[in-house]
Every structure is written in C-alpha cells, then in structure tokens.
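To start, the structure under review is shown below, and the notes come after it.
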Amino acid sequence: MKLRQLAHSRTGDKGDTSNISVIAFDAGDYEHLRRHVTAEAVRAHFGELVLGDVVRHELPRLAALNFVLTGALGGGVTRSLALDAHGKTLSSALLDLDLPER
Amino acid sequence: MRTLRIGAGAGYSGDRIEPAVELAEHGHLHVLVFECLAERTIALAQQARRRDPEAGFDPLLEERMRAVLPACARQGVRVVTNVGAANPVGAARLTARIAQELGLDALKVAAITGDDVLAAVRDGDFRFEESGTPVNALGDRLVSANAYLGVGPIVEALEAGAQVVITGRASDPALFLAPLVHAFGWAMDDWDRLGQGTVVGHLLECAGQVTGGYFADPGLKDVPRLAHLGFPIGEVAEDGSLVVTKLPRAGGCVTPATCKEQLLYEIHDPRRYLQPDVVADFSGVTVESAGADRVRIAGGRGTPPTGLLKVSVGYLDGWIGEGQISYAGPGAPARGRLALDIVRERFAITGLAPDETRFELIGVDAMHAGAATRSAEPAEVRVRVAGRCASREQAERIGREVETLYTNGPAGGGGVTRSVREVMAVQSVLLPRDQVRTQVHIVKA
C-alpha cells in the first residue's frame, strides 16, 4: 500500500531546509506509520534530492510525524534554480512511499 | 470568561481581499491581522525605497486598506499588519490618508520601527547560520538586514490606543500574540501562555491554509467551494486555548486534519519553535473537533527565549537565466531529452559556464528528480534549462540557447519562453536582542 492511503502531508520551507509532516487520517494507524516511515526510509525515498540530514520528530498526540530535511531546497527558496523553489510539492512525492500492509 | 476573536485577513502579500472584508463585516472580531511579508519581500522593498524614499511597503496596501477600513471602523475591529515592509512609517502615513479620505478621521494609526538593523549587521562580525560565510564579505551586495521583532512594540501601540498597527519585520505569530498579551494582560514571563499564544498565531498566520486552502486532494480530502474560501477566526480564551472556525456562509472547512497540517507547517523541532519572546513547545498540543467547522486547540507550552533575534539578511547573488520549450505527441520525451543534450553541448561550445545549472523535463523529472514515480510516457513535455550566472549578459544567453532550438533543435518544438531575473538571496544571522531598539510612532495623515 501507499503512504497516501493512511496519511496526509504538508511541506514547509525555511532557508535550505524542508519540513514534511505525515499525519495519520486515523490515529489507530500512527503506530504502523511510526514503525515504517522512518528517517532512513524517507532519506532513501528522496535519494539525492536531500544533501543533508533527515531527522524525524514524533507527535503521538497528533498521530503525526514531522521530518526535517536539511540541504533539500537547492540552496533555499530565494536562490534555488528549481521550478518549485519552496519544495512545496515534496509532500506529494513522500505520499507515494510504499508501506507494508497493516 | 472573556474571549478575544482574532481573524486572519491575509496569509501572504498577494492574498485574496474579499475574505478579509467579510470577516471584518460579519466576524464579530476584535482584531484582524494581515500577514503580508515573505522572507525576501522586505529586501526587495528596501531596494524600492532606495529608488524612492516614499516607497518600500506592500504594493497592495492601498487596495486592502480601502477595502477593509470602513468595515473595521464601523465594527470596532483593530488591525495589526506587517505591510510596512521596509517603510512602516510611509505605510502608516498612506493608511492615515486613506482613512481621512474615507471619512474616518479619528482612526489612530501607529507604525513600528527598529527592525532595520542593517548598520549593526554591516559593521559587526556576523556569519550566516546556514552557510557559515561572513556577512561583511558581501560588501556592496548587502541590501537589507531586518530583525524579527517580538510583541513588545505592538503591545505598546495597542496600549496607546492605535486602531491600526503597522510593522515591518516582526515574527509572524507575534502579530497575533501581541493582541492576546494586550487583551488578557499576560505576563511576559508566563511562558506557557506565550507558548500557547504562539500556537494561536502559527495556526492563523497563513489565513486560508487552516480553513481548507492548500488541503484539497479530490477523493481523499475534499473541500467545498474553494473559490469562496473563508479565512479563519480564532476564538481565544484567557488561557490561550482556542477554537478555530470560519464564517458559516464562507467556503472551505475547518477540521482537525486542516488544523494539524497547519500546526506543523514550517516547524522543525516541535518542542523548540524559536520565537523572539518565547521558545514554544507544540509537543503537548491537542486538536479536537468541537462541532461543524469548529476545532478546539490547547496544550501549547513554552520556555524562556534565547535572547537572540533572527535577522533576515538580503543580498544580491547574481542572475538567473531560464528558457523553456515544449514537445508533444509520440516521442515527445525523447525529443525533449535530445533538446537538453543540445543545449548542454552549446554551453560547452560557446563557453557559457553558469555557477549552477538545471536541465529538466517538466512533466517527467522537474519536481522530484529520482524520487518521481515512473509511469506511462507523457503526451507532452516541457524542456527547462535554468542557470545562475554572475552577470546579466551571461544569464540572457541561457534563454537564447533554448530559443535557438526552434530552428536548430529537434522536430516540433514550440512555445518558447525565456526570462532573466536578478537573485535577491536571503540568509539569517542571530543578533543579541539588546542591540535592537524599537519605536512606536503615532502617524497623522
């Protein structure tokens, strides 16, 4: 299954760092997300798009995870050559992540 | 128990105008906040002010103020906004003049200055947080340096009776936190209330992004009537907990899901959201439905601030040149890739060597490169070549090389566009808070 079936997401930008939230539609799926949507899985999914680190923050009360990706925005929104300089579309790319069935 | 009703009237400088007018007219608001200042907007505004000392504030200010001031004056709604950009006093003067023309002579307008710390940053010994490079190496390329101010001067202006408060750079949540501190008399060391007040500001500051804007994904997350999206109202209690809602007649929706997406928007460590007046902790925040289009949010906490203010430094960083051309029909991606190869080779032949380049096919790999899903061949692609160069002349050549693909490139290329723009880059430094002196000006027309 795809992450998109269990969670929704929004991307934010600050300088050259992107943050991507992953929020369970159903809080009952939070544990499944926590187990499988790891910082390593996110890093592997984005490959060379992320030059720096991927750090995950857990928010159990919101049934949400927050990923912080450094060096992910082509030097930052103000100087990036990317068409989507804010990296706003990264959330949709992450929702394409493959997950094992629950 | 008292409740302060705060509306968000804009989430960025170009935002829709009618939702704010509807809120002012029908929202039973105490305060309406307009957040209109993106990271580099103030640097561009600073350049504009150098050319014209009367300029340097938000270009939509006049249209917005003319639209909302009559309703705000009629309903007794106070306005707090960062439309002042690089010239808050000029913005306040124009606002006072508009008020006078509208017959609202008694309207008290305040401007806040002190965020412009260019001199301190230019003459000091600062390094950029991200790149580590020294600021004074920029020389003439340095354009602006603005500190993110906290609530202090905004509260002062409200206490002085200002009905419109215009700032330059201030922390976005502070625009909302200040009216709460003023209305409820929160102590400036009541860290948990300041933390929860930051939650209020963070949820509301992007306006429509919490009421169903930037949320719809048909079939999974449907949102009604986005063309008539309503902006949010925060009903804030004395302890800082709030209900986020909207006008019943407006489009959009307020659900726990829309609120959670906005709560985590642009957040890094949720336990340490650095603000001028507090380090907010979102880890204990709860989000629960409280009826149709009503969501109750509480549990934000805080710890003392770091004593350092973030300063956005704007500087000129070369030129970006770009060219695009489309290919369609069978074999479009192969012709697009051939076009990219040709332009790459042309760069080598003509000795054009931008500092950084991108060669991509929009529709194939422009957004996510390797992370893109491989799917069926697209029916059309758009070639895009972009590069950053030291000079305008070099940047121009990038688009010209793409344009020559018309008669020199693969079959069937069409719809060339090319552009050149000067890069206004922004990075941050940290400045000790005691080096910033703010001032409140009550401005007459």
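Chain lettering (A, B, ...) mirrors the order of the structure tokens, residue numbering begins at 1 for each chain separately, and ligand numbering begins at 1 in order of display.
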Show me, as CSV, the residues of stretch 40-153 of chain B having an atom within 10 Å of stretch 10-18 of chain A, each with the closest atom pair and its distance in Å, using only C-alpha atoms.
residue,atom,partner,partner_atom,distance
B:Glu129,CA,A:Gly15,CA,10.0
B:Glu130,CA,A:Asp16,CA,8.0
B:Ser131,CA,A:Asp16,CA,9.8
What residues in chain A have any atom no more than 9 Å from chain B when counting only C-alpha atoms, and can you write them as an NGL selection string? :A and (4-5 or 8-25 or 44-49 or 56-62 or 64 or 66-68 or 76-84 or 87 or 89-90 or 93-94 or 96)
Go ahead and dump the residues you just picked, C-alpha atoms, as a PDB file, in the first residue's frame.
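Listing of again_11.pdb after writing:
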ATOM      1  CA  ARG A   4      -1.166   8.264   0.776  1.00  0.00           C
ATOM      2  CA  GLN A   5      -3.846   5.757   1.841  1.00  0.00           C
ATOM      3  CA  HIS A   8      -1.837  13.311   4.648  1.00  0.00           C
ATOM      4  CA  SER A   9       1.037  15.749   4.491  1.00  0.00           C
ATOM      5  CA  ARG A  10       2.147  19.362   4.099  1.00  0.00           C
ATOM      6  CA  THR A  11       5.589  20.757   3.308  1.00  0.00           C
ATOM      7  CA  GLY A  12       7.090  23.913   4.777  1.00  0.00           C
ATOM      8  CA  ASP A  13      10.359  25.682   3.966  1.00  0.00           C
ATOM      9  CA  LYS A  14      12.883  27.712   5.922  1.00  0.00           C
ATOM     10  CA  GLY A  15      16.099  28.557   4.129  1.00  0.00           C
ATOM     11  CA  ASP A  16      17.553  25.394   2.599  1.00  0.00           C
ATOM     12  CA  THR A  17      15.601  23.147   4.988  1.00  0.00           C
ATOM     13  CA  SER A  18      12.299  21.479   4.201  1.00  0.00           C
ATOM     14  CA  ASN A  19       9.914  20.024   6.759  1.00  0.00           C
ATOM     15  CA  ILE A  20       7.332  17.457   5.750  1.00  0.00           C
ATOM     16  CA  SER A  21       4.549  16.414   8.110  1.00  0.00           C
ATOM     17  CA  VAL A  22       2.966  12.968   7.895  1.00  0.00           C
ATOM     18  CA  ILE A  23      -0.387  12.892   9.689  1.00  0.00           C
ATOM     19  CA  ALA A  24      -2.461   9.728  10.117  1.00  0.00           C
ATOM     20  CA  PHE A  25      -6.059  10.021   8.891  1.00  0.00           C
ATOM     21  CA  ALA A  44      16.048   6.557   0.675  1.00  0.00           C
ATOM     22  CA  HIS A  45      12.804   7.696  -0.985  1.00  0.00           C
ATOM     23  CA  PHE A  46      14.166  11.144  -1.831  1.00  0.00           C
ATOM     24  CA  GLY A  47      17.654   9.904  -2.766  1.00  0.00           C
ATOM     25  CA  GLU A  48      19.990  12.635  -3.935  1.00  0.00           C
ATOM     26  CA  LEU A  49      17.322  15.325  -3.539  1.00  0.00           C
ATOM     27  CA  ARG A  56      12.193  12.663  12.444  1.00  0.00           C
ATOM     28  CA  HIS A  57      10.129  14.161  15.277  1.00  0.00           C
ATOM     29  CA  GLU A  58       7.259  12.172  16.781  1.00  0.00           C
ATOM     30  CA  LEU A  59       3.959  13.787  17.803  1.00  0.00           C
ATOM     31  CA  PRO A  60       1.841  10.971  19.265  1.00  0.00           C
ATOM     32  CA  ARG A  61      -0.899  13.336  20.481  1.00  0.00           C
ATOM     33  CA  LEU A  62      -1.473  14.427  16.901  1.00  0.00           C
ATOM     34  CA  ALA A  64       1.766  12.696  13.322  1.00  0.00           C
ATOM     35  CA  ASN A  66       7.471  15.604  11.277  1.00  0.00           C
ATOM     36  CA  PHE A  67      10.502  15.155   9.030  1.00  0.00           C
ATOM     37  CA  VAL A  68      13.169  17.824   8.769  1.00  0.00           C
ATOM     38  CA  GLY A  76      16.994  27.886  -0.338  1.00  0.00           C
ATOM     39  CA  VAL A  77      13.903  29.366  -1.893  1.00  0.00           C
ATOM     40  CA  THR A  78      15.475  32.744  -2.596  1.00  0.00           C
ATOM     41  CA  ARG A  79      18.291  31.426  -4.806  1.00  0.00           C
ATOM     42  CA  SER A  80      17.196  27.959  -5.931  1.00  0.00           C
ATOM     43  CA  LEU A  81      17.025  27.171  -9.659  1.00  0.00           C
ATOM     44  CA  ALA A  82      14.129  24.772  -9.100  1.00  0.00           C
ATOM     45  CA  LEU A  83      10.722  25.472 -10.613  1.00  0.00           C
ATOM     46  CA  ASP A  84       9.246  24.653  -7.193  1.00  0.00           C
ATOM     47  CA  GLY A  87       9.777  22.392  -2.349  1.00  0.00           C
ATOM     48  CA  THR A  89       5.433  19.505  -3.949  1.00  0.00           C
ATOM     49  CA  LEU A  90       7.700  17.285  -1.819  1.00  0.00           C
ATOM     50  CA  ALA A  93       6.194  12.839  -3.512  1.00  0.00           C
ATOM     51  CA  LEU A  94       6.517  11.436   0.001  1.00  0.00           C
ATOM     52  CA  ASP A  96       3.961   7.854  -2.865  1.00  0.00           C
TER      53      ASP A  96
END
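Counting only C-alpha atoms and comparing A:Leu73, A:Val55, A:Met1, A:Ala7, the residue that lies closest to A:Ala27 is A:Ala7.
Coordinates place atom CA of B:Val295 at a distance of 16.8 Å from atom CA of B:Thr198.
Using only C-alpha atoms, the contacts of B:Val21 at a cut-off of 7 Å, with sequence neighbours closer than 3 positions omitted, comprise Ile17, Glu18, Ala24, Glu25, Ala67 and Val68 of chain B.
Restricting the calculation to only C-alpha atoms, the smallest distance between B:Arg97 and any of B:Val135, B:Met65, B:Gly84, B:Val381 is found for B:Met65.
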Expected answer as a VMD selection string: helix (DSSP H, G or I) residues in chain A: chain A and resid 3 to 5 27 to 36 39 to 49 60 to 62 90 to 94
Would you output that residue set with N, CA and C atoms, as an mmCIF file, in the first residue's frame?
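Saved to part21.cif:
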data_model
loop_
_atom_site.group_PDB
_atom_site.id
_atom_site.type_symbol
_atom_site.label_atom_id
_atom_site.label_comp_id
_atom_site.auth_asym_id
_atom_site.auth_seq_id
_atom_site.Cartn_x
_atom_site.Cartn_y
_atom_site.Cartn_z
ATOM 1 N N LEU A 3 1.668 5.227 1.285
ATOM 2 C CA LEU A 3 1.501 6.109 2.444
ATOM 3 C C LEU A 3 0.257 6.992 2.298
ATOM 4 N N ARG A 4 -0.031 7.367 1.046
ATOM 5 C CA ARG A 4 -1.166 8.264 0.776
ATOM 6 C C ARG A 4 -2.503 7.700 1.265
ATOM 7 N N GLN A 5 -2.590 6.362 1.387
ATOM 8 C CA GLN A 5 -3.846 5.757 1.841
ATOM 9 C C GLN A 5 -4.057 5.946 3.348
ATOM 10 N N ALA A 27 -5.998 7.828 13.898
ATOM 11 C CA ALA A 27 -4.937 7.727 14.910
ATOM 12 C C ALA A 27 -4.509 6.284 15.137
ATOM 13 N N GLY A 28 -5.396 5.330 14.849
ATOM 14 C CA GLY A 28 -5.060 3.914 15.017
ATOM 15 C C GLY A 28 -3.923 3.464 14.104
ATOM 16 N N ASP A 29 -3.648 4.210 13.047
ATOM 17 C CA ASP A 29 -2.565 3.836 12.123
ATOM 18 C C ASP A 29 -1.230 4.460 12.508
ATOM 19 N N TYR A 30 -1.227 5.283 13.551
ATOM 20 C CA TYR A 30 0.004 6.001 13.906
ATOM 21 C C TYR A 30 1.162 5.046 14.167
ATOM 22 N N GLU A 31 0.903 3.965 14.889
ATOM 23 C CA GLU A 31 1.975 3.025 15.239
ATOM 24 C C GLU A 31 2.573 2.398 13.980
ATOM 25 N N HIS A 32 1.708 2.064 13.025
ATOM 26 C CA HIS A 32 2.174 1.489 11.748
ATOM 27 C C HIS A 32 3.075 2.501 11.019
ATOM 28 N N LEU A 33 2.667 3.750 11.041
ATOM 29 C CA LEU A 33 3.472 4.795 10.394
ATOM 30 C C LEU A 33 4.802 4.959 11.129
ATOM 31 N N ARG A 34 4.715 4.975 12.463
ATOM 32 C CA ARG A 34 5.919 5.180 13.258
ATOM 33 C C ARG A 34 6.942 4.074 12.980
ATOM 34 N N ARG A 35 6.435 2.850 12.804
ATOM 35 C CA ARG A 35 7.342 1.725 12.569
ATOM 36 C C ARG A 35 7.979 1.787 11.176
ATOM 37 N N HIS A 36 7.199 2.203 10.179
ATOM 38 C CA HIS A 36 7.686 2.053 8.804
ATOM 39 C C HIS A 36 8.129 3.349 8.125
ATOM 40 N N ALA A 39 13.140 7.809 9.385
ATOM 41 C CA ALA A 39 14.008 8.808 8.747
ATOM 42 C C ALA A 39 14.797 8.163 7.608
ATOM 43 N N GLU A 40 15.238 6.916 7.819
ATOM 44 C CA GLU A 40 16.016 6.210 6.787
ATOM 45 C C GLU A 40 15.158 5.967 5.543
ATOM 46 N N ALA A 41 13.890 5.568 5.761
ATOM 47 C CA ALA A 41 13.001 5.297 4.623
ATOM 48 C C ALA A 41 12.759 6.577 3.817
ATOM 49 N N VAL A 42 12.613 7.702 4.532
ATOM 50 C CA VAL A 42 12.365 8.973 3.849
ATOM 51 C C VAL A 42 13.609 9.397 3.066
ATOM 52 N N ARG A 43 14.761 9.224 3.687
ATOM 53 C CA ARG A 43 16.011 9.568 3.003
ATOM 54 C C ARG A 43 16.173 8.733 1.728
ATOM 55 N N ALA A 44 15.904 7.439 1.840
ATOM 56 C CA ALA A 44 16.048 6.557 0.675
ATOM 57 C C ALA A 44 15.047 6.955 -0.417
ATOM 58 N N HIS A 45 13.846 7.334 -0.019
ATOM 59 C CA HIS A 45 12.804 7.696 -0.985
ATOM 60 C C HIS A 45 13.212 8.931 -1.799
ATOM 61 N N PHE A 46 13.802 9.905 -1.133
ATOM 62 C CA PHE A 46 14.166 11.144 -1.831
ATOM 63 C C PHE A 46 15.538 11.073 -2.499
ATOM 64 N N GLY A 47 16.357 10.082 -2.110
ATOM 65 C CA GLY A 47 17.654 9.904 -2.766
ATOM 66 C C GLY A 47 18.482 11.170 -2.735
ATOM 67 N N GLU A 48 19.025 11.536 -3.897
ATOM 68 C CA GLU A 48 19.990 12.635 -3.935
ATOM 69 C C GLU A 48 19.333 14.017 -3.839
ATOM 70 N N LEU A 49 18.014 14.048 -3.720
ATOM 71 C CA LEU A 49 17.322 15.325 -3.539
ATOM 72 C C LEU A 49 17.720 15.986 -2.214
ATOM 73 N N PRO A 60 2.891 11.973 19.047
ATOM 74 C CA PRO A 60 1.841 10.971 19.265
ATOM 75 C C PRO A 60 0.468 11.574 19.535
ATOM 76 N N ARG A 61 0.411 12.737 20.185
ATOM 77 C CA ARG A 61 -0.899 13.336 20.481
ATOM 78 C C ARG A 61 -1.627 13.779 19.227
ATOM 79 N N LEU A 62 -0.871 14.030 18.177
ATOM 80 C CA LEU A 62 -1.473 14.427 16.901
ATOM 81 C C LEU A 62 -1.511 13.260 15.924
ATOM 82 N N LEU A 90 7.027 18.453 -2.414
ATOM 83 C CA LEU A 90 7.700 17.285 -1.819
ATOM 84 C C LEU A 90 6.728 16.423 -1.005
ATOM 85 N N SER A 91 5.713 17.057 -0.397
ATOM 86 C CA SER A 91 4.762 16.275 0.403
ATOM 87 C C SER A 91 4.074 15.233 -0.469
ATOM 88 N N SER A 92 3.687 15.620 -1.667
ATOM 89 C CA SER A 92 3.009 14.673 -2.559
ATOM 90 C C SER A 92 3.948 13.552 -2.974
ATOM 91 N N ALA A 93 5.223 13.876 -3.149
ATOM 92 C CA ALA A 93 6.194 12.839 -3.512
ATOM 93 C C ALA A 93 6.343 11.842 -2.370
ATOM 94 N N LEU A 94 6.345 12.343 -1.138
ATOM 95 C CA LEU A 94 6.517 11.436 0.001
ATOM 96 C C LEU A 94 5.316 10.517 0.161
#
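Closest approach to A:Pro100 among A:Ala85, A:Lys2, A:Gly71, A:Ala63 is made by A:Lys2 (distances from only C-alpha atoms).
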For the structure I just gave you, how does DSSP split stretch 14-199 of chain B - specifically, which residues are strand (DSSP E or B)? Reply as a PyMOL selection string. chain B and resi 31-34+78-81+109-113+116+127+134+142-147+149+164-166+170
Selected residues written out with N, CA and C atoms, as a compact mmCIF listing (two decimals), in the first residue's frame:
# COMPACT_ATOMS: atom_id res chain seq x y z
N VAL B 31 -9.94 41.85 16.54
CA VAL B 31 -8.69 42.16 15.84
C VAL B 31 -8.65 41.41 14.51
N LEU B 32 -8.12 42.08 13.49
CA LEU B 32 -7.92 41.45 12.19
C LEU B 32 -6.44 41.62 11.82
N VAL B 33 -5.78 40.49 11.54
CA VAL B 33 -4.34 40.52 11.29
C VAL B 33 -4.07 40.20 9.82
N PHE B 34 -3.19 40.99 9.22
CA PHE B 34 -2.78 40.73 7.84
C PHE B 34 -1.29 40.41 7.83
N ARG B 78 -9.76 46.21 15.38
CA ARG B 78 -8.40 46.73 15.25
C ARG B 78 -7.61 45.91 14.23
N VAL B 79 -6.69 46.59 13.55
CA VAL B 79 -5.89 45.93 12.52
C VAL B 79 -4.43 45.88 12.96
N VAL B 80 -3.83 44.70 12.83
CA VAL B 80 -2.39 44.56 13.06
C VAL B 80 -1.81 43.92 11.80
N THR B 81 -0.77 44.53 11.25
CA THR B 81 -0.25 44.01 9.99
C THR B 81 1.22 44.37 9.79
N VAL B 109 -3.49 55.56 13.75
CA VAL B 109 -2.61 54.64 13.04
C VAL B 109 -1.21 54.71 13.63
N ALA B 110 -0.64 53.56 13.94
CA ALA B 110 0.72 53.52 14.50
C ALA B 110 1.66 52.75 13.59
N ALA B 111 2.91 53.19 13.57
CA ALA B 111 3.94 52.48 12.83
C ALA B 111 5.02 52.05 13.83
N ILE B 112 5.62 50.90 13.56
CA ILE B 112 6.68 50.41 14.44
C ILE B 112 7.97 50.28 13.66
N THR B 113 9.02 50.89 14.18
CA THR B 113 10.32 50.79 13.54
C THR B 113 11.33 50.17 14.50
N ASP B 116 14.93 47.34 11.26
CA ASP B 116 16.02 47.54 10.30
C ASP B 116 17.35 47.64 11.05
N ARG B 127 28.27 35.82 10.98
CA ARG B 127 28.32 34.76 9.98
C ARG B 127 26.93 34.20 9.76
N PRO B 134 31.04 34.75 6.23
CA PRO B 134 30.90 36.06 6.91
C PRO B 134 30.06 37.03 6.10
N LEU B 142 25.34 43.55 -0.13
CA LEU B 142 24.43 43.53 1.02
C LEU B 142 23.31 44.56 0.82
N VAL B 143 22.06 44.16 0.94
CA VAL B 143 20.93 45.06 0.67
C VAL B 143 20.14 45.40 1.92
N SER B 144 19.87 44.40 2.75
CA SER B 144 18.99 44.66 3.89
C SER B 144 19.29 43.68 5.01
N ALA B 145 18.95 44.09 6.23
CA ALA B 145 19.02 43.21 7.40
C ALA B 145 17.90 43.63 8.33
N ASN B 146 16.96 42.72 8.56
CA ASN B 146 15.80 43.04 9.38
C ASN B 146 15.60 41.99 10.45
N ALA B 147 15.50 42.46 11.69
CA ALA B 147 15.31 41.54 12.82
C ALA B 147 13.83 41.20 12.98
N LEU B 149 11.03 41.12 15.09
CA LEU B 149 10.67 41.71 16.38
C LEU B 149 9.62 40.86 17.09
N VAL B 164 -4.94 50.87 14.09
CA VAL B 164 -4.20 50.17 13.04
C VAL B 164 -2.73 50.19 13.45
N VAL B 165 -2.11 49.02 13.52
CA VAL B 165 -0.70 48.93 13.89
C VAL B 165 0.05 48.32 12.71
N ILE B 166 1.04 49.07 12.21
CA ILE B 166 1.77 48.64 11.02
C ILE B 166 3.24 48.41 11.36
N ALA B 170 8.41 41.48 11.72
CA ALA B 170 8.12 41.01 13.07
C ALA B 170 7.86 39.52 12.91
As a list in words, please: the residues near B:Ile98 (cut-off 9 Å, only C-alpha atoms, same-chain neighbours under 5 positions excluded). Glu62, Met65, Arg66, Leu69, Arg93, Gly103, Leu104 and Ala445 of chain B
Using only C-alpha atoms, which residues sit within 9 Å of B:Pro179 once same-chain residues fewer than 3 positions away are excluded, as a VMD selection string? chain B and resid 4 6 31 80 151 154 to 155 158 174 to 176 182 to 184
Please write the residues from the selection above to a file, keeping N, CA and C atoms, as a CSV table (one decimal), in the first residue's frame.
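The new file selection24.csv reads:
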chain,number,residue,atom,x,y,z
B,4,LEU,N,-11.2,36.6,23.1
B,4,LEU,CA,-10.8,37.5,22.1
B,4,LEU,C,-11.0,36.8,20.7
B,6,ILE,N,-10.0,36.8,17.0
B,6,ILE,CA,-9.0,37.3,16.0
B,6,ILE,C,-9.2,36.7,14.7
B,31,VAL,N,-9.9,41.8,16.5
B,31,VAL,CA,-8.7,42.2,15.8
B,31,VAL,C,-8.7,41.4,14.5
B,80,VAL,N,-3.8,44.7,12.8
B,80,VAL,CA,-2.4,44.6,13.1
B,80,VAL,C,-1.8,43.9,11.8
B,151,VAL,N,6.6,40.9,20.5
B,151,VAL,CA,5.3,41.6,20.7
B,151,VAL,C,5.4,43.0,21.3
B,154,ILE,N,4.3,46.2,19.5
B,154,ILE,CA,2.9,46.1,19.1
B,154,ILE,C,2.0,46.3,20.2
B,155,VAL,N,2.3,45.7,21.4
B,155,VAL,CA,1.5,45.8,22.6
B,155,VAL,C,1.5,47.3,23.0
B,158,LEU,N,-0.9,49.2,20.9
B,158,LEU,CA,-2.3,48.9,21.2
B,158,LEU,C,-2.7,49.6,22.5
B,174,ALA,N,3.9,36.7,16.3
B,174,ALA,CA,3.8,37.9,17.2
B,174,ALA,C,2.7,38.8,16.9
B,175,LEU,N,2.3,38.9,15.6
B,175,LEU,CA,1.2,39.7,15.1
B,175,LEU,C,-0.1,39.3,15.8
B,176,PHE,N,-0.2,38.1,16.1
B,176,PHE,CA,-1.4,37.5,16.8
B,176,PHE,C,-1.2,37.5,18.3
B,182,HIS,N,-2.0,41.9,25.1
B,182,HIS,CA,-2.6,43.2,25.4
B,182,HIS,C,-4.0,43.0,26.0
B,183,ALA,N,-4.8,42.2,25.4
B,183,ALA,CA,-6.2,42.0,25.9
B,183,ALA,C,-6.2,41.3,27.3
B,184,PHE,N,-5.4,40.3,27.4
B,184,PHE,CA,-5.5,39.4,28.6
B,184,PHE,C,-4.5,39.8,29.7
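When only C-alpha atoms are used to measure the gap to B:Ala8, the shortest distance among B:Asp341, B:Asp105, B:Glu235, B:Glu393 belongs to B:Glu235.
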Just the residues within 9 Å of B:His28, please, counting only C-alpha atoms, with nothing from its chain fewer than 4 positions along; format it as an NGL selection string. :B and (5 or 23-24 or 75 or 77)
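Neighbours of stretch 11-15 of chain B closer than or equal to 7 Å, with only C-alpha atoms counted and sequence neighbours fewer than 6 positions away skipped, come out as Phe34, Glu35, Cys36, Leu37, Ala38, Glu205, Cys206, Ala207 and Gly208 of chain B.
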